[in-house]
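What follows is a set of notes on a single structure, which appears directly below.
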There are 2 protein chains.
Amino acid sequence: MELEKITGRSYADACGLAHALELIGERWAPLVLRELSLGPRRFSDLRAALPGISANVLTQRLGDLEARRLVERRTLPPPASVQVYQATEWALEASPILCALGRWASRSPLHERTHPVSAVAIMLSMRTNVDMERIGDFAGTMAFRFADGDYFARVRDGKLEIGVGEPAQADAVVTANPNELKPVLYGGAPVDQLDIAGDRAVARRFFSLFSLPPSLSAD
Amino acid sequence: MELEKITGRSYADACGLAHALELIGERWAPLVLRELSLGPRRFSDLRAALPGISANVLTQRLGDLEARRLVERRTLPPPASVQVYQATEWALEASPILCALGRWASRSPLHERTHPVSAVAIMLSMRTNVDMERIGDFAGTMAFRFADGDYFARVRDGKLEIGVGEPAQADAVVTANPNELKPVLYGGAPVDQLDIAGDRAVARRFFSLFSLPPSLSAD
DNA sequence: CCGTATCCAATAAGATACTG
DNA sequence: CAGTATCTTATTGGATACGG
């Protein structure tokens with residue numbers, strides 16, 4: 001099977017970057033990977049998380065990514081018996097690189113921060129924008145309840161762990177939509193504007209760990 | 001000025017990665033940045049280095065990148081008086097991230113390593129694929145004379161520096177085209193198949209510093 | 001030679017409707 | 001819900017021609 005058949009147009013360039021673009025350079029592809037980087041998702045999860053992608057483009061992207069060994073299609077065991085899409089181990093290795101690219105781009109004067117974000121995006125942004133030096137000896141576990149699922153962030157031993165699902169024991173539980181988190185994480189908005197159950201002091205400390213890199217002047 | 005006017009289609013997603021795609025997600029854009037990441041280049045340099053890009057598309061990409069503050073157009077002082085395109089400082093910060101993406105992609109079973117590479121691509125690949133642990137206390141300077149320009153690689157103090165132009169004092173001078181370097185750098189081909197003037201022992205040691213990450217099995 | 005502009009054909013993306 | 005099918009629009013690439 002020739003590469004062009006799989007990737008559409010070839011750059012005919014042996015440079016790894018050119019091949020990266022053949023793998024994930026098509027529109028939406030990196031965002032699909034982003035949505036898969038915390039765990040498997042269903043077709044409709046992806047559609048809901050990617051504002052504006054159309055069903056036919058998502059179908060095609062998932063098929064492309066599967067052919068390129070970045071995504072695997074799995075059917076969950078009964079009684080669920082639903083099909084999910086899962087990033088391969090190798091695809092997950094690209095995730096921190098894509099996050100770094102996102103952090104780089106967030107300095108752009110053209111960056112429109114008022115757009116909505118998905119649950120996965122805001123959780124990944126914590127991993128990307130945490131200031132390790134501010135962690136110190138802080139430890140705590142935050143649970144996040146979004147309309148489309150539960151996530152957690154656990155700080156321990158100077159590290160931040162992000163995951164899907166209900167954490168073992170949460171110090172505080174935030175019920176919100178992802179957009180409401182943005183101003184508190186990155187806009188200096190007061191933590192109290194969030195719906196938080198549990199230890200609000202832990203929550204306050206937790207939210208103080210994050211900051212965006214400096215914006216370039218818009219001129 | 002609205003973002004959509006600058007970027008074409010918007011993802012309407014506040015995630016930094018989505019914005020990165022709005023900035024450099026269009027076809028050829030990252031490869032144009034790659035070509036600019038070791039210094040300013042002329043239009044025709046870019047055309048020559050990017051196999052298959054049409055003048056048409058290159059003009060548009062350069063204009064897009066300029067509007068997004070990733071590229072600046074400069075006119076060199078007389079007597080040259082020619083126009084060159086230069087990556088902004090911020091754009092250069094994306095370079096290591098794009099290199100990391102290239103290294104990640106190079107593990108793909110679909111990666112076609114027989115395609116040609118540009119001079120800048122092969123020089124950047126050294127920065128990307130050098131094994132720091134192998135440097136040890138080795139020091140040496142290699143000059144590379146390609147048809148379209150001179151480059152150098154200097155190893156010193158456990159670090160590798162890549163640059164454009166003639167180095168101060170080279171231990172060895174390699175005259176080749178970029179494709180001929182590939183098998184020696186990454187394919188275990190003998191250094192002696194290259195046209196090398198100067199200290200061949202330094203050259204041999206130098207070329208032994210590089211290796212690609214392991215390929216995934218093609219199944 | 002250095003780009004730009006224009007025209008055309010091939011692809012890719014988007015919107016919408018539809019099927020199991 | 002999980003996709004297909006179909007149609008329309010946008011983007012890309014290639015060729016060619018044009019001005020500095």
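Going through the structure tokens in order, the chains are called A, B, and so on, while each chain numbers its residues from 1 and the ligands are numbered from 1 in the order shown.
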
_I'd like the neighbourhood of D:DT9 as JSON, numbers by chain, where a residue qualifies if any of its atoms comes within 10 Å (using only C-alpha atoms (C1' of nucleotides)), though same-chain residues fewer than 6 positions away should be ignored._
{"C": [13, 14, 15]}

Atoms to include: N, CA and C atoms (P, O5', C5', C4', C3', O3' and C1' of nucleotides). Write the selected residues as a PDB file, in the first residue's frame.
```
ATOM      1  P    DA C  13      -9.867  17.684   4.807  1.00  0.00           P
ATOM      2  O5'  DA C  13     -11.053  18.744   4.858  1.00  0.00           O
ATOM      3  C5'  DA C  13     -10.747  20.120   4.722  1.00  0.00           C
ATOM      4  C4'  DA C  13     -12.017  20.932   4.740  1.00  0.00           C
ATOM      5  C3'  DA C  13     -12.933  20.652   5.935  1.00  0.00           C
ATOM      6  O3'  DA C  13     -13.335  21.889   6.475  1.00  0.00           O
ATOM      7  C1'  DA C  13     -14.126  20.432   3.910  1.00  0.00           C
ATOM      8  P    DG C  14     -14.184  21.894   7.817  1.00  0.00           P
ATOM      9  O5'  DG C  14     -15.659  22.139   7.272  1.00  0.00           O
ATOM     10  C5'  DG C  14     -15.939  23.367   6.597  1.00  0.00           C
ATOM     11  C4'  DG C  14     -17.396  23.422   6.184  1.00  0.00           C
ATOM     12  C3'  DG C  14     -18.397  23.034   7.279  1.00  0.00           C
ATOM     13  O3'  DG C  14     -19.399  24.056   7.334  1.00  0.00           O
ATOM     14  C1'  DG C  14     -18.804  21.784   5.306  1.00  0.00           C
ATOM     15  P    DA C  15     -20.564  23.931   8.418  1.00  0.00           P
ATOM     16  O5'  DA C  15     -21.807  23.470   7.524  1.00  0.00           O
ATOM     17  C5'  DA C  15     -22.099  24.155   6.319  1.00  0.00           C
ATOM     18  C4'  DA C  15     -23.426  23.651   5.743  1.00  0.00           C
ATOM     19  C3'  DA C  15     -24.479  23.295   6.806  1.00  0.00           C
ATOM     20  O3'  DA C  15     -25.730  23.796   6.375  1.00  0.00           O
ATOM     21  C1'  DA C  15     -23.994  21.388   5.457  1.00  0.00           C
TER      22       DA C  15
END
```

Write out as JSON lines a residue-level contact list of chain A versus chain B with cut-off 8 Å: for each qualifying residue the closest pair of atoms and the distance in Å to one decimal, counting only C-alpha atoms, rows sorted by chain and residue number upward.
```
{"residue": "A:Leu3", "atom": "CA", "partner": "B:Leu110", "partner_atom": "CA", "distance": 6.6}
{"residue": "A:Tyr11", "atom": "CA", "partner": "B:Pro51", "partner_atom": "CA", "distance": 7.2}
{"residue": "A:Ala12", "atom": "CA", "partner": "B:His115", "partner_atom": "CA", "distance": 5.6}
{"residue": "A:Asp13", "atom": "CA", "partner": "B:His115", "partner_atom": "CA", "distance": 5.2}
{"residue": "A:Ala14", "atom": "CA", "partner": "B:His115", "partner_atom": "CA", "distance": 4.6}
{"residue": "A:Cys15", "atom": "CA", "partner": "B:Val117", "partner_atom": "CA", "distance": 6.0}
{"residue": "A:Gly16", "atom": "CA", "partner": "B:Gly102", "partner_atom": "CA", "distance": 3.9}
{"residue": "A:Leu17", "atom": "CA", "partner": "B:Gly102", "partner_atom": "CA", "distance": 3.7}
{"residue": "A:Ala18", "atom": "CA", "partner": "B:Leu31", "partner_atom": "CA", "distance": 6.9}
{"residue": "A:His19", "atom": "CA", "partner": "B:Ala105", "partner_atom": "CA", "distance": 6.1}
{"residue": "A:Ala20", "atom": "CA", "partner": "B:Ala105", "partner_atom": "CA", "distance": 4.9}
{"residue": "A:Leu23", "atom": "CA", "partner": "B:Ala105", "partner_atom": "CA", "distance": 7.6}
{"residue": "A:Gly25", "atom": "CA", "partner": "B:Gly25", "partner_atom": "CA", "distance": 6.9}
{"residue": "A:Glu26", "atom": "CA", "partner": "B:Gly25", "partner_atom": "CA", "distance": 7.9}
{"residue": "A:Arg27", "atom": "CA", "partner": "B:Gly25", "partner_atom": "CA", "distance": 7.4}
{"residue": "A:Pro30", "atom": "CA", "partner": "B:Leu17", "partner_atom": "CA", "distance": 7.9}
{"residue": "A:Leu31", "atom": "CA", "partner": "B:Ala18", "partner_atom": "CA", "distance": 6.9}
{"residue": "A:Pro51", "atom": "CA", "partner": "B:Ala12", "partner_atom": "CA", "distance": 6.9}
{"residue": "A:Gly52", "atom": "CA", "partner": "B:Tyr11", "partner_atom": "CA", "distance": 7.2}
{"residue": "A:Arg68", "atom": "CA", "partner": "B:Leu110", "partner_atom": "CA", "distance": 7.5}
{"residue": "A:Glu93", "atom": "CA", "partner": "B:Trp104", "partner_atom": "CA", "distance": 7.5}
{"residue": "A:Ala94", "atom": "CA", "partner": "B:Trp104", "partner_atom": "CA", "distance": 6.6}
{"residue": "A:Ile97", "atom": "CA", "partner": "B:Ile97", "partner_atom": "CA", "distance": 6.4}
{"residue": "A:Leu98", "atom": "CA", "partner": "B:Leu17", "partner_atom": "CA", "distance": 6.7}
{"residue": "A:Cys99", "atom": "CA", "partner": "B:Leu17", "partner_atom": "CA", "distance": 6.6}
{"residue": "A:Ala100", "atom": "CA", "partner": "B:Ile97", "partner_atom": "CA", "distance": 6.8}
{"residue": "A:Leu101", "atom": "CA", "partner": "B:Leu17", "partner_atom": "CA", "distance": 6.2}
{"residue": "A:Gly102", "atom": "CA", "partner": "B:Leu17", "partner_atom": "CA", "distance": 3.8}
{"residue": "A:Arg103", "atom": "CA", "partner": "B:Gly16", "partner_atom": "CA", "distance": 5.8}
{"residue": "A:Trp104", "atom": "CA", "partner": "B:Ala94", "partner_atom": "CA", "distance": 6.6}
{"residue": "A:Ala105", "atom": "CA", "partner": "B:Ala20", "partner_atom": "CA", "distance": 4.9}
{"residue": "A:Ser106", "atom": "CA", "partner": "B:Gly16", "partner_atom": "CA", "distance": 4.9}
{"residue": "A:Leu110", "atom": "CA", "partner": "B:Leu3", "partner_atom": "CA", "distance": 6.6}
{"residue": "A:His111", "atom": "CA", "partner": "B:His19", "partner_atom": "CA", "distance": 6.3}
{"residue": "A:Glu112", "atom": "CA", "partner": "B:Ala14", "partner_atom": "CA", "distance": 6.1}
{"residue": "A:Arg113", "atom": "CA", "partner": "B:Ala14", "partner_atom": "CA", "distance": 4.9}
{"residue": "A:Thr114", "atom": "CA", "partner": "B:Ala14", "partner_atom": "CA", "distance": 6.4}
{"residue": "A:His115", "atom": "CA", "partner": "B:Ala14", "partner_atom": "CA", "distance": 4.6}
{"residue": "A:Pro116", "atom": "CA", "partner": "B:Asp13", "partner_atom": "CA", "distance": 5.5}
{"residue": "A:Val117", "atom": "CA", "partner": "B:Ala14", "partner_atom": "CA", "distance": 5.5}
{"residue": "A:Ala121", "atom": "CA", "partner": "B:Cys15", "partner_atom": "CA", "distance": 6.2}
{"residue": "A:Ile122", "atom": "CA", "partner": "B:Cys15", "partner_atom": "CA", "distance": 7.6}
{"residue": "A:Ser125", "atom": "CA", "partner": "B:Cys15", "partner_atom": "CA", "distance": 7.9}
```

_Test item: chain C residues at most 10 Å from chain B, counting only C-alpha atoms (C1' of nucleotides), as an MDAnalysis selection string_ = chainID C and resid 1:5

Taking only residues of chain D that have an atom at most 8 Å from an atom of chain B, what is each one's shortest atom pair and its distance in Å to one decimal, using only C-alpha atoms (C1' of nucleotides), in chain and number order, as CSV?
```
residue,atom,partner,partner_atom,distance
D:DT12,C1',B:Val57,CA,7.8
D:DG13,C1',B:Ser54,CA,6.7
D:DG14,C1',B:Ser54,CA,7.3
```

*Per DSSP on the backbone, what are the alpha helix (DSSP H) residues of stretch 74-159 of chain A, as an MDAnalysis selection string?*
chainID A and resid 89:105 119:129 132:135

If you run DSSP over the backbone, which residues in stretch 25-179 of chain B end up strand (DSSP E)? Put them as a compact mmCIF listing (two decimals) with N, CA and C atoms, in the first residue's frame.
```txt
# COMPACT_ATOMS: atom_id res chain seq x y z
N VAL B 71 6.34 35.51 10.55
CA VAL B 71 7.36 35.79 9.53
C VAL B 71 7.41 37.29 9.30
N GLU B 72 8.65 37.77 9.08
CA GLU B 72 8.81 39.17 8.69
C GLU B 72 9.55 39.23 7.37
N ARG B 73 9.15 40.19 6.58
CA ARG B 73 9.74 40.39 5.26
C ARG B 73 10.80 41.47 5.43
N ARG B 74 11.99 41.19 5.02
CA ARG B 74 13.03 42.21 5.15
C ARG B 74 13.75 42.38 3.83
N THR B 75 14.21 43.58 3.59
CA THR B 75 15.03 43.82 2.41
C THR B 75 16.46 44.03 2.88
N GLN B 83 14.99 40.75 -1.14
CA GLN B 83 14.02 40.53 -0.09
C GLN B 83 14.23 39.15 0.52
N VAL B 84 14.19 39.09 1.84
CA VAL B 84 14.27 37.79 2.50
C VAL B 84 13.12 37.66 3.49
N TYR B 85 12.82 36.41 3.81
CA TYR B 85 11.79 36.12 4.79
C TYR B 85 12.45 35.57 6.03
N GLN B 86 12.01 36.08 7.16
CA GLN B 86 12.68 35.76 8.41
C GLN B 86 11.63 35.36 9.44
N ALA B 87 11.90 34.30 10.16
CA ALA B 87 10.99 33.90 11.23
C ALA B 87 11.12 34.87 12.39
N GLY B 140 34.48 19.03 18.45
CA GLY B 140 34.87 19.09 17.05
C GLY B 140 33.89 19.93 16.25
N THR B 141 34.37 20.42 15.13
CA THR B 141 33.53 21.26 14.28
C THR B 141 33.51 20.72 12.87
N MET B 142 32.30 20.50 12.38
CA MET B 142 32.12 19.98 11.02
C MET B 142 31.54 21.08 10.14
N ALA B 143 32.09 21.23 8.96
CA ALA B 143 31.50 22.14 7.98
C ALA B 143 30.81 21.31 6.92
N PHE B 144 29.67 21.80 6.47
CA PHE B 144 28.93 21.10 5.41
C PHE B 144 28.73 22.04 4.23
N ARG B 145 29.18 21.59 3.08
CA ARG B 145 28.99 22.40 1.87
C ARG B 145 27.98 21.73 0.98
N PHE B 146 26.80 22.31 0.98
CA PHE B 146 25.76 21.82 0.09
C PHE B 146 25.67 22.73 -1.13
N GLY B 149 24.25 26.08 -0.13
CA GLY B 149 24.72 26.87 0.99
C GLY B 149 25.57 26.08 1.97
N ASP B 150 26.22 26.81 2.86
CA ASP B 150 27.11 26.20 3.84
C ASP B 150 26.47 26.21 5.22
N TYR B 151 26.75 25.15 5.95
CA TYR B 151 26.23 25.00 7.30
C TYR B 151 27.35 24.42 8.16
N PHE B 152 27.15 24.50 9.49
CA PHE B 152 28.15 23.86 10.34
C PHE B 152 27.48 23.20 11.54
N ALA B 153 28.20 22.29 12.14
CA ALA B 153 27.78 21.66 13.39
C ALA B 153 28.99 21.66 14.30
N ARG B 154 28.81 22.22 15.48
CA ARG B 154 29.93 22.30 16.42
C ARG B 154 29.57 21.60 17.71
N VAL B 155 30.41 20.68 18.12
CA VAL B 155 30.20 19.98 19.39
C VAL B 155 31.23 20.49 20.39
N ARG B 156 30.73 20.94 21.52
CA ARG B 156 31.62 21.50 22.52
C ARG B 156 30.91 21.55 23.86
N LYS B 159 27.61 19.93 24.25
CA LYS B 159 26.44 20.44 23.52
C LYS B 159 26.70 20.44 22.01
N LEU B 160 25.63 20.44 21.25
CA LEU B 160 25.72 20.51 19.79
C LEU B 160 25.10 21.81 19.32
N GLU B 161 25.86 22.54 18.51
CA GLU B 161 25.34 23.79 17.96
C GLU B 161 25.27 23.66 16.44
N ILE B 162 24.13 24.04 15.90
CA ILE B 162 23.93 23.98 14.45
C ILE B 162 23.79 25.39 13.92
N GLY B 163 24.42 25.69 12.79
CA GLY B 163 24.30 27.05 12.27
C GLY B 163 24.52 27.13 10.77
N VAL B 164 24.26 28.33 10.27
CA VAL B 164 24.42 28.59 8.84
C VAL B 164 25.75 29.29 8.60
N ALA B 172 36.70 19.19 9.91
CA ALA B 172 36.49 18.45 8.67
C ALA B 172 35.43 19.17 7.85
N VAL B 173 35.56 19.07 6.55
CA VAL B 173 34.63 19.71 5.64
C VAL B 173 33.99 18.64 4.76
N VAL B 174 32.68 18.56 4.83
CA VAL B 174 31.95 17.58 4.05
C VAL B 174 31.29 18.29 2.87
N THR B 175 31.60 17.82 1.68
CA THR B 175 30.94 18.36 0.49
C THR B 175 29.99 17.28 -0.02
```

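Residues in contact range of D:DA5, defined as at most 10 Å between only C-alpha atoms (C1' of nucleotides), with sequence neighbours fewer than 5 positions away removed, read Asn56 of chain A; DA17, DC18 and DT19 of chain C.
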